[in-house]
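S.K.: So here's entry_5.cif, just mmCIF, C-alpha atoms and all ligand atoms:
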data_run
#
loop_
_atom_site.label_atom_id
_atom_site.label_comp_id
_atom_site.auth_asym_id
_atom_site.auth_seq_id
_atom_site.Cartn_x
_atom_site.Cartn_y
_atom_site.Cartn_z
CA MET W 1 24.96 63.90 62.57
CA ASN W 2 28.14 65.67 63.52
CA LEU W 3 28.77 68.48 61.08
CA TYR W 4 32.35 68.93 62.18
CA LYS W 5 33.39 65.35 61.57
CA VAL W 6 36.33 64.97 59.18
CA ASP W 7 34.93 63.71 55.93
CA THR W 8 37.03 60.75 54.81
CA GLY W 9 34.40 59.73 52.29
CA ARG W 10 33.99 56.56 54.29
CA GLU W 11 31.11 55.64 56.54
CA ARG W 12 31.45 54.60 60.16
CA ALA W 13 29.66 51.34 60.83
CA ILE W 14 28.66 49.23 63.81
CA LEU W 15 28.67 45.56 62.86
CA VAL W 16 26.12 43.29 64.49
CA ALA W 17 25.61 39.53 64.49
CA VAL W 18 23.34 37.19 66.36
CA ASP W 19 25.46 34.15 67.07
CA ILE W 20 23.51 30.91 67.11
CA ASP W 21 26.23 28.34 66.45
CA GLY W 22 29.39 29.90 67.84
CA THR W 23 30.65 31.32 64.55
CA GLY W 24 29.92 34.95 65.38
CA GLU W 25 33.50 36.27 65.42
CA MET W 26 34.26 34.61 62.12
CA ALA W 27 31.09 35.99 60.59
CA LEU W 28 31.95 39.51 61.72
CA ASP W 29 35.50 39.22 60.35
CA GLU W 30 34.00 38.61 56.96
CA LEU W 31 31.34 41.29 57.41
CA GLU W 32 34.13 43.72 58.24
CA ARG W 33 35.88 42.90 54.97
CA LEU W 34 32.63 43.33 53.09
CA ALA W 35 32.02 46.68 54.79
CA ASP W 36 35.56 47.76 53.98
CA THR W 37 35.05 46.84 50.33
CA ALA W 38 31.85 48.88 50.27
CA GLY W 39 33.56 51.89 51.85
CA ALA W 40 32.74 51.64 55.55
CA ASP W 41 35.04 51.33 58.54
CA SER W 42 34.02 49.21 61.47
CA VAL W 43 33.96 51.33 64.64
CA HIS W 44 32.36 48.74 66.91
CA ARG W 45 31.37 45.07 66.84
CA VAL W 46 28.40 43.55 68.63
CA ILE W 47 27.80 39.81 68.91
CA GLN W 48 24.80 38.52 70.81
CA ARG W 49 24.55 34.83 71.63
CA ARG W 50 20.98 33.64 71.27
CA ASN W 51 19.09 30.51 70.33
CA SER W 52 17.27 32.29 67.54
CA PHE W 53 16.82 35.69 65.89
CA ASP W 54 14.28 38.01 67.49
CA SER W 55 11.45 38.19 64.98
CA ALA W 56 10.84 41.89 65.65
CA THR W 57 14.30 43.29 66.25
CA TYR W 58 16.81 40.57 65.23
CA VAL W 59 18.89 41.10 68.40
CA GLY W 60 17.05 41.46 71.70
CA ARG W 61 15.35 44.79 72.34
CA GLY W 62 17.75 45.67 75.16
CA LYS W 63 20.73 44.96 72.92
CA ALA W 64 19.20 47.14 70.22
CA LYS W 65 19.05 50.04 72.69
CA GLU W 66 22.70 49.52 73.57
CA ILE W 67 23.58 49.61 69.90
CA GLY W 68 21.72 52.92 69.59
CA GLU W 69 23.73 54.39 72.46
CA ALA W 70 26.99 53.14 70.99
CA ALA W 71 26.04 54.62 67.65
CA LYS W 72 25.55 58.01 69.28
CA SER W 73 28.73 58.01 71.29
CA LEU W 74 30.84 56.67 68.43
CA ASP W 75 29.19 58.91 65.88
CA ALA W 76 28.33 55.95 63.64
CA ASP W 77 26.60 56.50 60.30
CA LEU W 78 25.06 53.10 60.04
CA VAL W 79 24.47 49.70 61.58
CA ILE W 80 25.22 46.65 59.47
CA ILE W 81 23.51 43.38 60.37
CA ASP W 82 25.11 40.09 59.38
CA ASP W 83 21.88 38.40 58.23
CA GLU W 84 19.02 39.23 55.92
CA LEU W 85 16.27 41.16 57.70
CA THR W 86 12.58 41.66 57.10
CA SER W 87 11.28 45.16 56.49
CA ALA W 88 9.73 45.15 59.97
CA GLN W 89 13.04 44.27 61.58
CA ILE W 90 14.81 47.06 59.70
CA ARG W 91 12.13 49.58 60.66
CA ASN W 92 12.11 48.55 64.32
CA LEU W 93 15.87 48.61 64.58
CA GLU W 94 16.06 52.03 62.96
CA ASP W 95 13.43 53.32 65.38
CA ILE W 96 15.23 51.99 68.43
CA THR W 97 18.78 52.88 67.41
CA GLY W 98 17.99 56.13 65.63
CA THR W 99 20.55 55.05 63.04
CA ARG W 100 20.35 53.82 59.50
CA VAL W 101 20.29 50.02 59.38
CA ILE W 102 21.23 47.80 56.47
CA ASP W 103 21.53 44.03 56.30
CA ARG W 104 24.18 41.73 54.84
CA THR W 105 22.24 41.33 51.61
CA ALA W 106 21.97 45.07 51.00
CA LEU W 107 25.68 45.39 51.70
CA ILE W 108 26.63 42.69 49.19
CA LEU W 109 24.23 44.09 46.61
CA ASP W 110 25.84 47.48 47.11
CA ILE W 111 29.29 46.06 46.41
CA PHE W 112 28.02 44.33 43.31
CA ALA W 113 26.35 47.57 42.20
CA ALA W 114 29.60 49.48 42.48
CA ARG W 115 31.54 46.77 40.62
CA ALA W 116 29.20 45.79 37.80
CA ASN W 117 30.86 46.63 34.49
CA SER W 118 29.19 44.82 31.64
CA LYS W 119 25.68 45.51 30.50
CA GLU W 120 24.64 42.06 31.66
CA GLY W 121 26.27 42.51 35.06
CA LYS W 122 24.52 45.84 35.58
CA LEU W 123 21.15 44.41 34.63
CA GLN W 124 21.65 41.44 36.92
CA VAL W 125 22.57 43.62 39.87
CA GLU W 126 19.71 46.01 39.28
CA LEU W 127 17.28 43.12 39.10
CA ALA W 128 18.59 41.67 42.35
CA GLN W 129 18.37 45.06 44.05
CA LEU W 130 14.84 45.71 42.90
CA ASN W 131 13.66 42.28 43.95
CA TYR W 132 15.26 42.82 47.32
CA ARG W 133 13.75 46.25 47.67
CA LEU W 134 10.20 45.59 46.58
CA PRO W 135 8.96 43.86 49.74
CA ARG W 136 11.00 46.20 51.96
CA LEU W 137 10.00 49.63 50.71
CA ILE W 138 8.20 50.53 53.91
CA GLY W 139 11.04 49.33 56.08
CA MET W 140 13.77 51.29 54.43
CA GLY W 141 12.79 54.58 56.00
CA LEU W 142 16.13 56.09 56.90
CA THR W 143 17.99 54.50 54.03
CA LEU W 144 15.72 55.84 51.32
CA SER W 145 15.09 59.25 52.85
CA ARG W 146 18.79 59.86 53.16
CA LEU W 147 20.10 62.58 50.90
CA GLY W 148 23.41 61.93 49.21
CA GLY W 149 23.08 58.15 49.17
CA GLY W 150 25.46 55.97 51.13
CA ILE W 151 25.90 52.23 51.35
CA GLY W 152 22.70 50.44 50.47
CA THR W 153 21.34 53.16 48.20
CA ARG W 154 23.62 52.83 45.22
CA GLY W 155 22.48 51.46 41.90
CA PRO W 156 24.68 50.06 39.16
CA GLY W 157 26.58 52.81 37.39
CA GLU W 158 25.01 56.16 38.02
CA MET W 159 21.50 54.77 37.91
CA LYS W 160 19.18 56.05 40.55
CA LEU W 161 17.30 53.28 42.25
CA GLU W 162 13.54 53.37 42.03
CA THR W 163 11.52 53.76 45.19
CA ASP W 164 8.08 53.60 43.65
CA ARG W 165 6.36 50.23 43.73
CA ARG W 166 4.65 50.48 40.35
CA HIS W 167 7.80 51.67 38.61
CA ILE W 168 9.81 48.93 40.27
CA ARG W 169 7.48 46.22 38.97
CA GLN W 170 7.61 47.71 35.50
CA ARG W 171 11.39 47.92 35.59
CA ILE W 172 11.73 44.32 36.86
CA PHE W 173 9.62 43.21 33.94
CA GLU W 174 11.80 45.12 31.47
CA ILE W 175 15.05 43.85 32.92
CA GLU W 176 13.87 40.26 32.90
CA LYS W 177 13.05 40.60 29.22
CA GLU W 178 16.44 42.12 28.45
CA LEU W 179 18.22 39.42 30.42
CA GLU W 180 16.40 36.79 28.40
CA ASN W 181 18.09 38.21 25.30
CA VAL W 182 21.46 38.25 26.99
CA LYS W 183 20.93 34.67 28.06
CA ARG W 184 20.15 33.63 24.51
CA HIS W 185 23.36 35.28 23.36
CA ARG W 186 25.29 33.43 26.06
CA ASP W 187 23.69 30.15 25.02
CA THR W 188 24.75 30.76 21.43
CA LEU W 189 28.32 31.44 22.52
CA ARG W 190 28.27 28.25 24.55
CA GLU W 191 26.94 26.29 21.57
CA ARG W 192 29.69 27.68 19.39
CA ARG W 193 32.33 26.72 21.93
CA LYS W 194 30.89 23.24 22.01
CA LYS W 195 30.97 23.02 18.23
CA LEU W 196 34.61 23.95 18.22
CA GLY W 197 35.14 21.04 20.56
CA TYR W 198 36.78 23.02 23.32
CA TYR W 199 37.10 21.50 26.73
CA VAL W 200 35.83 24.13 29.10
CA VAL W 201 37.48 24.42 32.48
CA ALA W 202 35.96 26.85 34.98
CA LEU W 203 37.73 28.45 37.92
CA VAL W 204 35.39 28.48 40.89
CA GLY W 205 35.94 29.31 44.53
CA TYR W 206 35.35 31.59 47.44
CA THR W 207 35.79 35.29 46.77
CA ASN W 208 39.41 36.48 47.09
CA ALA W 209 40.85 32.94 46.71
CA GLY W 210 43.02 34.00 43.78
CA LYS W 211 41.00 32.78 40.79
CA SER W 212 41.74 35.80 38.62
CA THR W 213 45.41 35.82 39.61
CA LEU W 214 45.66 32.21 38.42
CA MET W 215 43.71 32.99 35.26
CA ASN W 216 46.09 35.84 34.45
CA LEU W 217 49.11 33.68 35.09
CA LEU W 218 47.91 30.79 32.95
CA THR W 219 46.60 32.76 30.01
CA GLY W 220 48.52 36.02 30.12
CA SER W 221 45.36 38.06 30.46
CA ASP W 222 44.97 41.11 32.66
CA ILE W 223 41.81 40.65 34.67
CA LEU W 224 41.47 42.92 37.68
CA VAL W 225 43.00 41.39 40.77
CA GLU W 226 42.36 43.02 44.11
CA ASP W 227 42.57 42.28 47.78
CA LYS W 228 38.89 43.11 48.05
CA LEU W 229 35.84 40.89 47.91
CA PHE W 230 34.09 40.36 44.58
CA ALA W 231 36.73 41.86 42.31
CA THR W 232 35.32 39.75 39.48
CA LEU W 233 31.67 39.75 38.47
CA ASP W 234 31.74 38.97 34.77
CA PRO W 235 32.94 35.61 33.55
CA THR W 236 35.94 35.93 31.24
CA SER W 237 37.22 33.13 29.03
CA ARG W 238 40.64 32.60 27.48
CA GLU W 239 42.27 29.83 25.52
CA LEU W 240 44.88 27.67 27.18
CA VAL W 241 47.04 25.16 25.32
CA LEU W 242 48.36 22.24 27.34
CA GLU W 243 51.71 20.56 26.79
CA SER W 244 50.05 17.73 24.85
CA GLY W 245 48.60 20.26 22.47
CA ARG W 246 45.08 19.91 23.83
CA GLU W 247 43.35 23.26 23.81
CA LEU W 248 40.96 24.32 26.46
CA LEU W 249 38.94 27.30 27.38
CA LEU W 250 39.53 28.59 30.87
CA ILE W 251 36.73 30.60 32.46
CA ASP W 252 37.12 32.92 35.44
CA THR W 253 33.90 33.26 37.40
CA VAL W 254 32.30 35.33 40.14
CA GLY W 255 33.40 34.32 43.64
CA PHE W 256 31.09 32.67 46.16
CA ILE W 257 30.45 33.78 49.70
CA ASP W 258 28.71 32.42 52.75
CA LYS W 259 25.01 33.34 52.82
CA LEU W 260 25.05 34.44 49.18
CA PRO W 261 21.87 36.50 48.77
CA HIS W 262 19.12 34.55 47.12
CA ASP W 263 18.21 37.47 44.82
CA LEU W 264 21.77 37.55 43.54
CA VAL W 265 21.86 33.83 42.84
CA GLN W 266 18.64 34.19 40.89
CA ALA W 267 19.79 37.24 38.94
CA PHE W 268 23.25 35.81 38.27
CA LYS W 269 21.94 32.48 37.15
CA SER W 270 23.25 32.67 33.61
CA THR W 271 26.64 33.88 34.85
CA LEU W 272 26.83 31.15 37.48
CA GLU W 273 25.81 28.60 34.88
CA GLU W 274 29.23 28.95 33.28
CA ALA W 275 30.39 26.49 35.92
CA ALA W 276 27.49 24.17 35.21
CA TYR W 277 28.41 23.86 31.54
CA ALA W 278 32.12 23.35 32.06
CA ASP W 279 33.76 19.96 31.50
CA MET W 280 35.85 20.38 34.60
CA LEU W 281 36.17 22.69 37.60
CA LEU W 282 39.23 24.03 39.32
CA HIS W 283 38.20 24.81 42.88
CA VAL W 284 40.65 27.52 43.92
CA VAL W 285 41.06 27.65 47.70
CA ASP W 286 42.86 30.30 49.75
CA ALA W 287 45.03 27.86 51.69
CA ASN W 288 45.97 30.62 54.10
CA SER W 289 42.41 31.47 55.10
CA PRO W 290 41.63 30.85 58.77
CA HIS W 291 38.17 29.84 57.59
CA LEU W 292 39.32 27.41 54.93
CA TYR W 293 36.94 24.57 55.80
CA GLU W 294 33.86 26.77 55.96
CA GLN W 295 34.78 28.42 52.67
CA MET W 296 35.31 25.11 50.91
CA LYS W 297 31.99 23.90 52.29
CA THR W 298 30.23 27.04 51.06
CA VAL W 299 31.57 26.50 47.54
CA ASP W 300 30.45 22.86 47.63
CA ASN W 301 27.02 23.92 48.82
CA VAL W 302 26.55 26.56 46.12
CA LEU W 303 27.60 24.09 43.43
CA GLU W 304 25.28 21.48 44.87
CA SER W 305 22.38 23.92 44.97
CA MET W 306 22.95 24.58 41.27
CA ASP W 307 23.07 20.85 40.71
CA VAL W 308 26.60 21.01 39.35
CA LYS W 309 28.42 17.69 39.42
CA LYS W 310 31.67 17.88 37.48
CA PRO W 311 35.14 16.44 37.77
CA MET W 312 36.94 18.87 40.07
CA ILE W 313 40.52 19.56 41.10
CA THR W 314 41.09 21.27 44.44
CA VAL W 315 43.76 23.92 43.88
CA TYR W 316 45.25 25.13 47.14
CA ASN W 317 46.54 28.60 46.38
CA LYS W 318 48.71 31.05 48.33
CA ILE W 319 50.95 28.31 49.69
CA ASP W 320 53.69 30.95 49.84
CA LEU W 321 51.89 32.14 52.97
CA ILE W 322 51.64 28.85 54.83
CA GLU W 323 54.28 26.74 56.51
CA ASP W 324 52.72 23.33 56.54
CA THR W 325 50.68 21.96 53.69
CA ASN W 326 50.19 18.74 55.65
CA LEU W 327 47.32 20.31 57.51
CA LEU W 328 45.23 20.79 54.38
CA PRO W 329 42.49 18.28 53.59
CA ARG W 330 43.63 15.93 50.87
CA ILE W 331 40.71 15.12 48.69
CA GLU W 332 41.98 13.72 45.41
CA PRO W 333 42.76 15.20 43.02
CA TYR W 334 44.45 18.28 44.49
CA THR W 335 47.49 20.47 43.90
CA PHE W 336 49.37 23.16 45.78
CA ILE W 337 50.23 26.39 44.04
CA SER W 338 51.18 29.97 44.53
CA ALA W 339 49.64 31.97 41.73
CA ARG W 340 51.53 35.00 42.98
CA ASP W 341 54.95 33.34 42.88
CA ASN W 342 54.27 31.11 39.88
CA GLU W 343 54.81 27.96 41.91
CA GLY W 344 53.35 24.51 41.34
CA ILE W 345 51.88 25.54 38.01
CA SER W 346 53.34 22.74 35.91
CA ASP W 347 52.02 20.19 38.41
CA LEU W 348 48.63 21.82 38.13
CA LEU W 349 48.70 21.63 34.33
CA THR W 350 49.68 17.96 34.49
CA CYS W 351 46.86 17.36 36.92
CA ILE W 352 44.40 19.04 34.56
CA GLU W 353 45.69 16.95 31.68
CA GLU W 354 45.33 13.73 33.66
CA ASN W 355 41.83 14.48 34.78
CA LEU W 356 40.32 15.82 31.59
CA PRO W 357 37.71 13.43 30.30
CA MET W 358 39.34 11.43 27.53
CA ASP W 359 36.55 11.13 25.04
CA VAL W 360 37.30 8.94 22.09
CA PHE W 361 34.66 8.54 19.43
CA LYS W 362 34.57 5.84 16.81
CA VAL W 363 32.92 7.31 13.75
CA LYS W 364 32.47 6.89 10.05
CA PHE W 365 32.88 9.99 7.88
CA LEU W 366 31.65 10.46 4.33
CA ILE W 367 34.06 12.95 2.84
CA PRO W 368 33.58 14.45 -0.61
CA TYR W 369 36.57 14.27 -2.93
CA GLU W 370 37.09 18.01 -2.96
CA LYS W 371 37.75 17.76 0.80
CA MET W 372 40.73 15.46 0.56
CA ASN W 373 42.54 17.66 3.06
CA ILE W 374 40.21 16.40 5.80
CA VAL W 375 41.23 12.84 5.01
CA SER W 376 44.86 13.73 5.44
CA THR W 377 44.12 15.57 8.69
CA LEU W 378 42.43 12.43 9.97
CA HIS W 379 45.50 10.42 9.04
CA ASP W 380 47.72 12.88 10.88
CA ASP W 381 45.71 13.53 14.02
CA ALA W 382 43.37 10.57 14.50
CA ILE W 383 43.46 6.83 14.20
CA VAL W 384 42.15 5.71 10.84
CA ILE W 385 40.70 2.21 11.04
CA ASP W 386 39.35 1.77 7.56
CA GLU W 387 39.18 3.76 4.34
CA LYS W 388 37.13 3.11 1.17
CA TYR W 389 37.05 5.18 -1.99
CA GLY W 390 33.44 5.19 -3.11
CA GLU W 391 31.75 6.90 -6.03
CA ASP W 392 30.87 10.22 -4.38
CA TYR W 393 32.68 9.99 -1.09
CA ILE W 394 35.68 8.67 0.67
CA GLU W 395 34.43 6.54 3.53
CA VAL W 396 36.73 6.88 6.50
CA GLU W 397 36.27 4.98 9.72
CA ALA W 398 38.31 6.52 12.51
CA GLU W 399 38.77 7.05 16.20
CA VAL W 400 38.76 10.76 16.93
CA ASP W 401 38.79 13.04 19.96
CA LYS W 402 35.94 15.31 20.91
CA LYS W 403 37.39 18.26 19.07
CA MET W 404 37.50 16.50 15.71
CA TYR W 405 34.23 14.80 16.39
CA MET W 406 32.61 18.23 16.63
CA ARG W 407 34.66 19.87 13.91
CA TYR W 408 33.70 17.40 11.22
CA GLU W 409 30.16 16.97 12.43
CA GLU W 410 28.66 17.59 8.98
CA TYR W 411 30.60 14.72 7.42
CA ARG W 412 29.56 12.12 9.94
CA ASP W 413 27.67 9.17 8.57
CA ASN W 414 24.64 8.93 10.79
CA SER W 415 22.86 6.31 8.70
CA LYS W 416 23.96 3.39 10.84
CA SER W 417 25.50 2.97 14.23
N1 LIG W 501 50.25 35.69 48.86
C1 LIG W 501 49.52 35.39 47.80
N2 LIG W 501 48.52 36.20 47.44
C2 LIG W 501 47.78 35.86 46.35
C3 LIG W 501 48.03 34.68 45.62
N3 LIG W 501 47.11 34.60 44.62
C4 LIG W 501 46.33 35.70 44.74
N4 LIG W 501 46.73 36.47 45.77
C5 LIG W 501 46.13 37.75 46.23
O1 LIG W 501 44.81 37.50 46.69
C6 LIG W 501 43.96 38.59 46.40
C7 LIG W 501 42.74 38.14 45.62
O2 LIG W 501 43.13 37.69 44.35
P1 LIG W 501 42.11 37.60 43.12
O3 LIG W 501 42.83 36.90 42.02
O4 LIG W 501 41.51 38.92 42.83
O5 LIG W 501 41.02 36.63 43.75
P2 LIG W 501 39.64 36.14 43.10
O6 LIG W 501 39.45 34.72 43.56
O7 LIG W 501 39.63 36.38 41.64
O8 LIG W 501 38.62 37.07 43.87
P3 LIG W 501 37.14 37.60 43.41
O9 LIG W 501 37.20 37.97 41.98
O10 LIG W 501 36.97 38.75 44.32
O11 LIG W 501 36.21 36.48 43.71
C8 LIG W 501 44.83 39.59 45.63
O12 LIG W 501 45.29 40.55 46.53
C9 LIG W 501 45.96 38.74 45.10
O13 LIG W 501 47.15 39.48 44.88
C10 LIG W 501 49.12 33.83 46.04
O14 LIG W 501 49.42 32.78 45.47
N5 LIG W 501 49.81 34.24 47.14
MG MG W 502 38.43 37.51 40.50
#
Output the file's structure in the form of structure tokens.
Ligand SMILES: Nc1nc2c(ncn2[C@@H]2O[C@H](COP(=O)(O)OP(=O)(O)OP(=O)(O)O)[C@@H](O)[C@H]2O)c(=O)[nH]1
Ligand SMILES: [Mg+2]
M.R.:
Amino acid sequence: MNLYKVDTGRERAILVAVDIDGTGEMALDELERLADTAGADSVHRVIQRRNSFDSATYVGRGKAKEIGEAAKSLDADLVIIDDELTSAQIRNLEDITGTRVIDRTALILDIFAARANSKEGKLQVELAQLNYRLPRLIGMGLTLSRLGGGIGTRGPGEMKLETDRRHIRQRIFEIEKELENVKRHRDTLRERRKKLGYYVVALVGYTNAGKSTLMNLLTGSDILVEDKLFATLDPTSRELVLESGRELLLIDTVGFIDKLPHDLVQAFKSTLEEAAYADMLLHVVDANSPHLYEQMKTVDNVLESMDVKKPMITVYNKIDLIEDTNLLPRIEPYTFISARDNEGISDLLTCIEENLPMDVFKVKFLIPYEKMNIVSTLHDDAIVIDEKYGEDYIEVEAEVDKKMYMRYEEYRDNSKS
């Protein structure tokens, strides 16, 4: 390592991809953004066209040597590989290049580690990191022996990451137990939301599409918005009242990315489930992205893998940056907006309104006389079909929306259909 190098606090990285299907340049563009977010500058890019990954060294052995030479002459701190590697591949590549090697998964986990804020988020990231690390302890020679850390060695917060197998297993066990509790809490919250009869609408989409910007605009909240990947990790929910008076809960969620690490999906299950429990999804798309199709496909794939099938509106965002919206795929329903310039928002709200499931329930309520106010609410806000004044109760037959259906659950007459 060059002791006289100017310390910018940023690492110098060589980015490497094996290109099997011709998408190498695109993959490295994204890897470069990920590296930038994690605090590394790309000093060199290497793409090798091959039919498959080399099982021992990922790229071919000759290419690995070249990378080592480039690392020396460019004074690189690390090599970042665009796919997930085995511990043997990491070890072999470190031996040949003489440089620290991390893979795409470690890079993404590192970004998540630096960005986790909530207790749940930190636990989820730590769990994902430990699960990633456990089978790779032998491989991570240079990474773990490195003093002073660097990308790939950071834990959530100031936590030092374990390197001892037995401790790791113990810690995984503890975290899983803690996350169970968090999950139960989340389930309770979800139940409560359901009881209140809220329609839940979740913002989903590729990272950096503008989900949080839209959330802030619609609900006046101040969620962190950044031109970096994975600005949002924790789901945030806020109330939104539509023109018609219908109230919904809007949820901002963690962004998706191509080749989302399996350990992260597992650890973030309860967070990702926010989309699964929503009544409707807004798929926010960066309409200006050169990789728009691939990003939309990735989002579809992640949702599919979680078995999420919900009514969805495609929301093309950042139209202030594009000249021709005619080139965008038109899968109904869709809208064009600029969350930055507050454009197209009323169309979006109308579109939400039109596509919300219109649940109407025909029910009979048995309402005690001291709750006369409920009867008048039903007259005001629902359609009363029939009304009988009995001995103990007022029997009201009415058509109500989901919200009222849930709100007056305890007065429903369940004795007959
Ligand atoms: N030009 C333009 N930029 C936008 C628009 N909406 C969002 N951005 C920018 O896009 C970047 C990402 O925005 P975010 O709202 O953080 O995106 P996100 O989808 O929440 O991203 P993650 O939380 O990282 O998944 C920021 O720099 C925003 O200022 C828009 O309509 N037009
Ligand atoms: Mg966000």
S.K.: Using only C-alpha atoms, which of W:Tyr277, W:Tyr408, W:Tyr293, W:Tyr369 sits nearest Tyr389 in chain W?
M.R.: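 Of W:Tyr277, W:Tyr408, W:Tyr293, W:Tyr369, the one nearest Tyr389 in chain W, counting only C-alpha atoms, is W:Tyr369.
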S.K.: At a cut-off of 9 Å around ligand LIG 501 (chain W), and using all atoms listed in the file, what residues come up? Please write them as a PyMOL selection string.
M.R.: chain W and resi 203-216+223-233+252-257+284-286+288+316-321+337-343
S.K.: Hey, can you check how far CA of Asp307 in chain W sits from CA of Pro261 in chain W?
M.R.: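 That distance, rounded to one decimal, is 17.6 Å.
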S.K.: What's around Asp75 in chain W at 10 Å? Count all atoms listed in the file, leave out sequence neighbours fewer than 2 positions away in its own chain, and write the answer as a list in words.
M.R.: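 In the requested form, the answer reads Met1, Asn2, Lys5, Arg12, Ala13, Ile14, Val43, Glu69, Ala70, Ala71, Lys72, Ser73, Asp77, Leu78 and Thr99 of chain W.
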S.K.: Taking into account all atoms listed in the file, which residue in the set W:Thr188, W:Ile251, W:Gly22, W:Arg169 is nearest to ligand MG 502 (chain W)?
M.R.: W:Ile251
S.K.: Compare W:Asp83, W:Ile394, W:Asp234, W:Leu303 by their minimum atom-to-atom distance to ligand MG 502 (chain W), counting all atoms listed in the file, and give me the closest one.
M.R.: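 Counting all atoms listed in the file, the residue closest to ligand MG 502 (chain W) is W:Asp234.
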S.K.: Between W:Glu387, W:Asp164, W:Asp110, W:Asp222, which has the minimum distance to ligand MG 502 (chain W) (counting only C-alpha atoms and all ligand atoms)?
M.R.: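 Answer, going by the shortest atom-to-atom distance: W:Asp222.
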S.K.: Within 12 Å of Arg45 in chain W, counting only C-alpha atoms, which residues qualify if same-chain residues fewer than 6 places away don't, as an MDAnalysis selection string?
M.R.: chainID W and resid 12:18 24:29 31:32 66:67 70:71 74 76 79:82
S.K.: Pick from W:Gln295, W:Thr236, W:Val400, W:Thr335: nearest to ligand MG 502 (chain W), with all atoms listed in the file counted?
M.R.: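 Using all atoms listed in the file, ligand MG 502 (chain W) sits closest to W:Thr236.
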S.K.: Would you please work out which residue, of W:Arg49, W:Arg133, W:Ser305, W:Arg100, is nearest to Ser87 in chain W when using all atoms listed in the file?
M.R.: W:Arg133
S.K.: Could you check how far CA of Arg412 in chain W sits from CA of Lys362 in chain W, in Å to one decimal?
M.R.: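 CA of Lys362 in chain W lies 10.6 Å from CA of Arg412 in chain W.
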S.K.: Have a look at CA of Asp401 in chain W and CA of Glu370 in chain W and let me know their distance in Å, one decimal.
M.R.: 23.5 Å
S.K.: Just so I have it separately, write range 268-278 of chain W from the block I sent, keeping N, CA, C and O atoms, as an mmCIF file, in the first residue's frame.
M.R.:
data_model
loop_
_atom_site.group_PDB
_atom_site.id
_atom_site.type_symbol
_atom_site.label_atom_id
_atom_site.label_comp_id
_atom_site.auth_asym_id
_atom_site.auth_seq_id
_atom_site.Cartn_x
_atom_site.Cartn_y
_atom_site.Cartn_z
ATOM 1 N N PHE W 268 -34.906 -9.435 5.444
ATOM 2 C CA PHE W 268 -35.843 -8.320 5.325
ATOM 3 C C PHE W 268 -37.266 -8.773 5.035
ATOM 4 O O PHE W 268 -38.096 -7.975 4.636
ATOM 5 N N LYS W 269 -37.510 -10.043 5.272
ATOM 6 C CA LYS W 269 -38.813 -10.580 4.931
ATOM 7 C C LYS W 269 -39.980 -9.771 5.506
ATOM 8 O O LYS W 269 -40.909 -9.413 4.790
ATOM 9 N N SER W 270 -39.893 -9.472 6.800
ATOM 10 C CA SER W 270 -41.042 -8.799 7.411
ATOM 11 C C SER W 270 -41.182 -7.379 6.870
ATOM 12 O O SER W 270 -42.285 -6.853 6.749
ATOM 13 N N THR W 271 -40.043 -6.748 6.539
ATOM 14 C CA THR W 271 -40.096 -5.419 5.934
ATOM 15 C C THR W 271 -40.687 -5.491 4.529
ATOM 16 O O THR W 271 -41.562 -4.713 4.156
ATOM 17 N N LEU W 272 -40.213 -6.465 3.756
ATOM 18 C CA LEU W 272 -40.692 -6.607 2.383
ATOM 19 C C LEU W 272 -42.162 -6.997 2.342
ATOM 20 O O LEU W 272 -42.876 -6.688 1.397
ATOM 21 N N GLU W 273 -42.594 -7.673 3.414
ATOM 22 C CA GLU W 273 -43.993 -8.105 3.461
ATOM 23 C C GLU W 273 -44.976 -6.954 3.471
ATOM 24 O O GLU W 273 -46.159 -7.145 3.197
ATOM 25 N N GLU W 274 -44.508 -5.753 3.803
ATOM 26 C CA GLU W 274 -45.411 -4.603 3.788
ATOM 27 C C GLU W 274 -46.133 -4.501 2.442
ATOM 28 O O GLU W 274 -47.281 -4.104 2.375
ATOM 29 N N ALA W 275 -45.385 -4.853 1.378
ATOM 30 C CA ALA W 275 -46.001 -4.808 0.051
ATOM 31 C C ALA W 275 -47.025 -5.931 -0.097
ATOM 32 O O ALA W 275 -48.069 -5.770 -0.717
ATOM 33 N N ALA W 276 -46.719 -7.064 0.512
ATOM 34 C CA ALA W 276 -47.597 -8.221 0.370
ATOM 35 C C ALA W 276 -48.948 -7.995 1.047
ATOM 36 O O ALA W 276 -49.958 -8.542 0.624
ATOM 37 N N TYR W 277 -48.963 -7.175 2.087
ATOM 38 C CA TYR W 277 -50.211 -6.964 2.815
ATOM 39 C C TYR W 277 -50.972 -5.723 2.364
ATOM 40 O O TYR W 277 -52.011 -5.398 2.909
ATOM 41 N N ALA W 278 -50.423 -5.027 1.395
ATOM 42 C CA ALA W 278 -51.100 -3.814 0.926
ATOM 43 C C ALA W 278 -52.311 -4.183 0.080
ATOM 44 O O ALA W 278 -52.410 -5.286 -0.443
#
